file protein-v9.txt (compact mmCIF, C-alpha atoms)
# COMPACT_ATOMS: atom_id res chain seq x y z
CA MET A 1 -0.62 5.23 -24.18
CA PHE A 2 1.13 1.89 -24.54
CA PRO A 3 0.71 -1.43 -22.76
CA TRP A 4 3.37 -2.81 -20.41
CA HIS A 5 3.69 -5.76 -18.09
CA ASP A 6 5.02 -5.81 -14.54
CA GLU A 7 7.27 -8.59 -13.17
CA ALA A 8 4.20 -10.72 -12.45
CA GLY A 9 2.88 -10.38 -16.01
CA HIS A 10 0.06 -7.91 -15.26
CA MET A 11 -0.67 -5.56 -18.15
CA PHE A 12 -1.11 -1.82 -17.62
CA GLN A 13 -1.59 1.18 -19.89
CA GLU A 14 0.88 3.98 -19.26
CA ASP A 15 2.01 7.06 -21.06
CA ARG A 16 5.62 6.99 -22.23
CA ALA A 17 6.74 9.70 -19.83
CA MET A 18 5.74 7.71 -16.75
CA HIS A 19 5.71 4.04 -15.82
CA VAL A 20 4.84 2.05 -12.72
CA GLN A 21 7.00 -0.83 -11.53
CA VAL A 22 6.23 -3.51 -8.96
CA SER A 23 9.34 -5.12 -7.50
CA SER A 24 10.51 -6.83 -4.37
CA ARG A 25 12.36 -4.34 -2.23
CA GLU A 26 15.62 -6.18 -2.87
CA ARG A 27 15.24 -5.86 -6.66
CA VAL A 28 14.75 -2.08 -6.63
CA ALA A 29 17.89 -0.31 -7.82
CA PRO A 30 19.77 1.32 -4.89
CA ASP A 31 19.40 4.84 -6.34
CA ASP A 32 15.65 4.33 -6.81
CA ARG A 33 15.36 2.98 -3.26
CA HIS A 34 17.15 6.10 -1.91
CA GLN A 35 14.87 8.40 -3.92
CA ALA A 36 11.83 6.54 -2.55
CA GLU A 37 13.13 6.92 1.02
CA ASP A 38 13.67 10.65 0.41
CA LEU A 39 10.05 10.96 -0.75
CA LEU A 40 8.91 9.17 2.40
CA ARG A 41 11.04 11.39 4.66
CA GLU A 42 9.64 14.51 3.03
CA ALA A 43 6.06 13.31 3.55
CA PHE A 44 6.65 11.79 7.00
CA PRO A 45 9.37 13.84 8.76
CA ASP A 46 9.12 11.76 11.97
CA MET A 47 9.90 8.55 10.09
CA GLN A 48 12.47 6.22 11.64
CA GLY A 49 15.07 4.25 9.66
CA GLU A 50 14.02 3.41 6.11
CA GLY A 51 10.37 4.05 7.00
CA TYR A 52 9.10 0.50 6.59
CA ALA A 53 7.22 -1.59 9.12
CA ILE A 54 8.79 -4.82 10.29
CA PRO A 55 8.61 -7.27 8.70
CA GLY A 56 9.25 -5.17 5.62
CA PRO A 57 7.12 -4.85 2.51
CA VAL A 58 6.84 -7.73 0.05
CA ALA A 59 6.94 -5.23 -2.81
CA LEU A 60 7.53 -1.59 -3.58
CA VAL A 61 5.31 0.00 -6.21
CA LEU A 62 7.11 2.97 -7.75
CA ALA A 63 6.07 5.49 -10.37
CA MET A 64 9.07 6.45 -12.47
CA GLU A 65 9.47 9.46 -14.72
CA GLY A 66 12.68 8.77 -16.59
CA ASP A 67 15.17 7.86 -13.87
CA GLN A 68 13.27 9.76 -11.17
CA VAL A 69 11.00 8.16 -8.56
CA VAL A 70 7.92 10.39 -8.43
CA ALA A 71 5.65 8.20 -6.30
CA HIS A 72 5.91 5.32 -3.83
CA LEU A 73 3.66 2.69 -2.28
CA ALA A 74 4.79 -0.09 0.09
CA LEU A 75 2.88 -3.37 -0.17
CA TYR A 76 2.77 -5.75 2.77
CA GLU A 77 1.19 -9.12 3.41
CA ARG A 78 -0.02 -9.96 6.89
CA ASN A 79 -1.50 -12.99 8.56
CA VAL A 80 -4.31 -11.64 10.73
CA LEU A 81 -7.26 -12.98 12.65
CA LEU A 82 -10.67 -11.89 11.41
CA ASP A 83 -13.31 -12.90 13.97
CA GLY A 84 -10.76 -15.38 15.32
CA GLU A 85 -10.23 -17.05 11.93
CA PRO A 86 -6.90 -16.82 10.06
CA GLU A 87 -6.90 -14.57 7.01
CA ARG A 88 -4.04 -13.29 4.84
CA ILE A 89 -4.53 -9.67 3.84
CA GLY A 90 -2.61 -7.03 1.95
CA LEU A 91 -1.66 -3.84 3.74
CA ILE A 92 -0.87 -0.68 1.82
CA GLY A 93 1.32 1.97 3.38
CA GLY A 94 3.63 4.82 2.57
CA VAL A 95 1.61 6.16 -0.35
CA VAL A 96 3.48 9.31 -1.43
CA VAL A 97 3.36 11.30 -4.67
CA ARG A 98 5.90 14.05 -5.32
CA VAL A 99 4.25 17.46 -4.99
CA ASP A 100 4.88 18.61 -8.57
CA VAL A 101 3.11 15.60 -10.13
CA ARG A 102 0.06 15.32 -7.88
CA ARG A 103 -3.53 15.32 -9.18
CA LYS A 104 -2.60 13.28 -12.27
CA GLY A 105 -3.92 9.90 -11.13
CA ILE A 106 -0.51 8.53 -10.21
CA ALA A 107 -1.59 7.25 -6.78
CA SER A 108 -4.49 5.47 -8.48
CA ARG A 109 -2.03 3.75 -10.81
CA LEU A 110 0.08 2.63 -7.86
CA ILE A 111 -2.97 1.22 -6.09
CA GLU A 112 -4.16 -0.59 -9.25
CA ALA A 113 -0.74 -2.23 -9.59
CA ALA A 114 -0.70 -3.15 -5.88
CA HIS A 115 -4.16 -4.71 -6.15
CA ALA A 116 -3.09 -6.73 -9.21
CA GLU A 117 -0.08 -8.02 -7.28
CA LEU A 118 -2.24 -8.99 -4.29
CA ARG A 119 -4.73 -10.80 -6.52
CA GLN A 120 -1.90 -12.76 -8.11
CA ARG A 121 -0.81 -13.76 -4.61
CA GLY A 122 -4.34 -15.02 -3.87
CA ILE A 123 -5.20 -12.26 -1.40
CA ASP A 124 -8.82 -11.14 -1.27
CA PHE A 125 -8.57 -7.95 0.79
CA ALA A 126 -6.38 -4.83 0.94
CA VAL A 127 -6.38 -2.69 4.07
CA LEU A 128 -4.92 0.77 4.59
CA PHE A 129 -5.04 3.46 7.22
CA ALA A 130 -5.62 7.02 6.03
CA LEU A 131 -6.47 10.37 7.52
CA ASP A 132 -8.58 11.34 4.52
CA HIS A 133 -10.88 8.70 3.02
CA ARG A 134 -11.62 10.71 -0.13
CA HIS A 135 -8.28 9.79 -1.69
CA TYR A 136 -9.04 6.05 -1.66
CA ALA A 137 -12.78 5.72 -2.28
CA SER A 138 -12.31 5.80 -6.06
CA ALA A 139 -9.99 2.77 -5.76
CA GLY A 140 -12.78 0.73 -4.13
CA TYR A 141 -11.91 1.38 -0.49
CA VAL A 142 -14.65 1.77 2.10
CA PRO A 143 -14.30 2.71 5.77
CA MET A 144 -13.83 -0.27 8.06
CA GLN A 145 -16.19 -0.65 10.98
CA ASN A 146 -14.05 -3.32 12.62
CA GLU A 147 -12.79 -3.11 16.13
CA THR A 148 -9.07 -3.52 15.47
CA CYS A 149 -6.29 -4.90 17.68
CA PHE A 150 -2.70 -3.88 16.94
CA ILE A 151 0.61 -2.98 18.56
CA GLU A 152 1.69 0.66 18.75
CA ASP A 153 4.86 1.82 20.47
CA GLY A 154 5.14 -1.59 22.11
CA HIS A 155 1.62 -1.44 23.60
CA ALA A 156 -1.49 -3.38 22.63
CA ARG A 157 -4.32 -1.18 21.34
CA ARG A 158 -7.91 -2.13 20.57
CA PHE A 159 -10.51 0.22 19.13
CA VAL A 160 -12.42 1.13 15.98
CA TYR A 161 -9.88 3.18 14.06
CA ARG A 162 -11.82 5.65 11.92
CA GLY A 163 -8.98 5.86 9.40
CA GLY A 164 -9.11 2.16 8.52
CA MET A 165 -10.29 1.32 5.00
CA VAL A 166 -10.67 -1.96 3.12
CA ALA A 167 -11.03 -2.95 -0.53
CA ALA A 168 -12.41 -6.35 -1.53
CA LEU A 169 -10.24 -7.65 -4.38
CA GLY A 170 -12.38 -10.65 -5.27
CA GLU A 171 -15.88 -12.01 -4.74
CA ARG A 172 -15.65 -12.40 -0.97
CA ARG A 173 -17.19 -9.70 1.20
CA TRP A 174 -15.43 -8.11 4.13
CA THR A 175 -16.94 -8.61 7.57
CA THR A 176 -17.23 -6.15 10.45
CA ALA A 177 -15.90 -8.71 12.93
CA LEU A 178 -12.93 -8.13 15.24
CA LEU A 179 -9.68 -7.65 13.22
CA ASP A 180 -6.47 -8.60 15.00
CA LEU A 181 -3.50 -7.33 12.97
CA GLN A 182 -1.11 -9.58 14.93
CA GLY A 183 1.39 -6.73 15.11
CA GLU A 184 1.86 -3.10 14.15
CA THR A 185 0.01 -1.11 11.52
CA VAL A 186 1.96 0.07 8.47
call {"tool": "encode", "arguments": {"input": "protein-v9.txt", "output": "structure tokens"}}
result
Amino acid sequence: MFPWHDEAGHMFQEDRAMHVQVSSRERVAPDDRHQAEDLLREAFPDMQGEGYAIPGPVALVLAMEGDQVVAHLALYERNVLLDGEPERIGLIGGVVVRVDVRRKGIASRLIEAAHAELRQRGIDFAVLFALDHRHYASAGYVPMQNETCFIEDGHARRFVYRGGMVAALGERRWTTALLDLQGETV
């Protein structure tokens, strides 16, 4: 294990065979971006375009093994309304780990790096939407009980989405009040 620092100066411990990078989408090398999109397409065959919500992610968190992208996470920031009050949250989407390197804690490393980036940006909460909660509980995520408003396929939706999860990144506690995403999910 050796220490390394991401672009924002966060320190992480990684083994030499694998490293995690946090970069704005524009700063990711074109070949790495294409590999990440291929991973996304394999995991989400119905994906449209590059697979990113609009507006696009503020950062891509990639696990690299040599010159190969083996895992991907898209990190978004969103201005939302929480019980009618403005709040800036992080949204995590597109978490994909290549099949041959799963069960090695790589997704956990991606999430740790994403959380560090959000903290540096002064964001207190990270939200994600998952079919299986077990994968994210160890990273501090708990199921959301919030009634959530969002746009899906051009239509407004409002219900308690059982796949919603939240992680508090600081001292503040999450509330169960109405969450208005002010747009689409990721």
call {"tool": "closest_atom_pairs", "arguments": {"input": "protein-v9.txt", "of": "segment 108-132 of chain A", "to": "segment 181-185 of chain A", "cutoff": "12 Å", "atoms": "only C-alpha atoms", "output": "Markdown table"}}
result
| residue | atom | partner | partner_atom | distance |
| --- | --- | --- | --- | --- |
| A:Val127 | CA | A:Thr185 | CA | 9.9 |
| A:Leu128 | CA | A:Thr185 | CA | 8.7 |
| A:Phe129 | CA | A:Thr185 | CA | 8.1 |
| A:Ala130 | CA | A:Thr185 | CA | 11.3 |
call {"tool": "residues_near_point", "arguments": {"input": "protein-v9.txt", "point": "(-3.3, 6.4, -6.9)", "cutoff": "9 Å", "atoms": "all atoms listed in the file", "output": "list in words"}}
result
Val95, Val97, Lys104, Gly105, Ile106, Ala107, Ser108, Arg109, Leu110, Ile111, Glu112, His135, Tyr136 and Ala139 of chain A
call {"tool": "closest_residue", "arguments": {"input": "protein-v9.txt", "among": "A:Met144, A:Ala168, A:Glu85, A:Val70", "to": "Arg119 of chain A", "atoms": "only C-alpha atoms"}}
result
A:Ala168
call {"tool": "closest_residue", "arguments": {"input": "protein-v9.txt", "among": "A:Asp32, A:Glu152, A:Glu171, A:Asp180", "to": "Asp67 of chain A", "atoms": "all atoms listed in the file"}}
result
A:Asp32
call {"tool": "closest_residue", "arguments": {"input": "protein-v9.txt", "among": "A:Ala126, A:Ala114, A:Val101, A:Val96", "to": "Asp38 of chain A", "atoms": "all atoms listed in the file"}}
result
A:Val96
call {"tool": "closest_residue", "arguments": {"input": "protein-v9.txt", "among": "A:Val99, A:Ala71, A:Leu118, A:Leu82", "to": "Thr176 of chain A", "atoms": "all atoms listed in the file"}}
result
A:Leu82
call {"tool": "atom_distance", "arguments": {"input": "protein-v9.txt", "atom1": "atom CA of Arg162 of chain A", "atom2": "atom CA of Gly93 of chain A"}}
result
16.1 Å
call {"tool": "axis_aligned_box", "arguments": {"input": "protein-v9.txt", "around": "segment 101-115 of chain A", "padding_each_side": "4 Å", "output": "AutoDock Vina command-line options"}}
result
--center_x -0.7 --center_y 5.4 --center_z -9.1 --size_x 15.6 --size_y 28.3 --size_z 14.4
call {"tool": "residues_around", "arguments": {"input": "protein-v9.txt", "residues": "His133 of chain A", "least_positions_apart": "5", "cutoff": "10 Å", "atoms": "all atoms listed in the file", "output": "list in words"}}
result
Ser138, Tyr141, Val142, Pro143, Arg162, Gly163, Gly164 and Met165 of chain A
call {"tool": "build_atoms", "arguments": {"input": "protein-v9.txt", "residues": "segment 35-57 of chain A", "atoms": "N, CA and C atoms", "output": "CSV table (one decimal), in the frame of the given file"}}
result
chain,number,residue,atom,x,y,z
A,35,GLN,N,15.8,7.4,-3.5
A,35,GLN,CA,14.9,8.4,-3.9
A,35,GLN,C,13.5,8.2,-3.2
A,36,ALA,N,13.1,6.9,-3.2
A,36,ALA,CA,11.8,6.5,-2.6
A,36,ALA,C,11.9,6.9,-1.1
A,37,GLU,N,13.0,6.6,-0.4
A,37,GLU,CA,13.1,6.9,1.0
A,37,GLU,C,13.1,8.4,1.2
A,38,ASP,N,13.7,9.2,0.3
A,38,ASP,CA,13.7,10.6,0.4
A,38,ASP,C,12.2,11.2,0.3
A,39,LEU,N,11.5,10.6,-0.6
A,39,LEU,CA,10.0,11.0,-0.8
A,39,LEU,C,9.3,10.7,0.6
A,40,LEU,N,9.6,9.5,1.1
A,40,LEU,CA,8.9,9.2,2.4
A,40,LEU,C,9.3,10.1,3.5
A,41,ARG,N,10.6,10.5,3.6
A,41,ARG,CA,11.0,11.4,4.7
A,41,ARG,C,10.4,12.8,4.5
A,42,GLU,N,10.3,13.2,3.3
A,42,GLU,CA,9.6,14.5,3.0
A,42,GLU,C,8.2,14.5,3.5
A,43,ALA,N,7.5,13.4,3.2
A,43,ALA,CA,6.1,13.3,3.6
A,43,ALA,C,5.9,13.0,5.0
A,44,PHE,N,6.8,12.2,5.6
A,44,PHE,CA,6.6,11.8,7.0
A,44,PHE,C,7.9,12.1,7.7
A,45,PRO,N,8.1,13.4,8.2
A,45,PRO,CA,9.4,13.8,8.8
A,45,PRO,C,9.8,13.1,10.0
A,46,ASP,N,8.8,12.5,10.7
A,46,ASP,CA,9.1,11.8,12.0
A,46,ASP,C,9.5,10.3,11.7
A,47,MET,N,9.6,9.9,10.5
A,47,MET,CA,9.9,8.6,10.1
A,47,MET,C,11.2,8.1,10.7
A,48,GLN,N,11.3,6.8,11.1
A,48,GLN,CA,12.5,6.2,11.6
A,48,GLN,C,13.1,5.3,10.6
A,49,GLY,N,14.4,5.2,10.5
A,49,GLY,CA,15.1,4.2,9.7
A,49,GLY,C,14.7,4.5,8.2
A,50,GLU,N,14.4,3.3,7.5
A,50,GLU,CA,14.0,3.4,6.1
A,50,GLU,C,12.5,3.7,6.0
A,51,GLY,N,11.8,3.7,7.1
A,51,GLY,CA,10.4,4.0,7.0
A,51,GLY,C,9.4,2.9,6.8
A,52,TYR,N,9.9,1.7,6.8
A,52,TYR,CA,9.1,0.5,6.6
A,52,TYR,C,8.8,-0.2,7.9
A,53,ALA,N,7.6,-0.8,8.0
A,53,ALA,CA,7.2,-1.6,9.1
A,53,ALA,C,8.0,-2.9,9.1
A,54,ILE,N,8.1,-3.5,10.2
A,54,ILE,CA,8.8,-4.8,10.3
A,54,ILE,C,7.8,-5.9,10.6
A,55,PRO,N,7.7,-7.0,9.8
A,55,PRO,CA,8.6,-7.3,8.7
A,55,PRO,C,8.3,-6.3,7.5
A,56,GLY,N,9.3,-6.1,6.7
A,56,GLY,CA,9.2,-5.2,5.6
A,56,GLY,C,8.3,-5.5,4.5
A,57,PRO,N,8.1,-4.6,3.6
A,57,PRO,CA,7.1,-4.8,2.5
A,57,PRO,C,7.5,-6.0,1.6
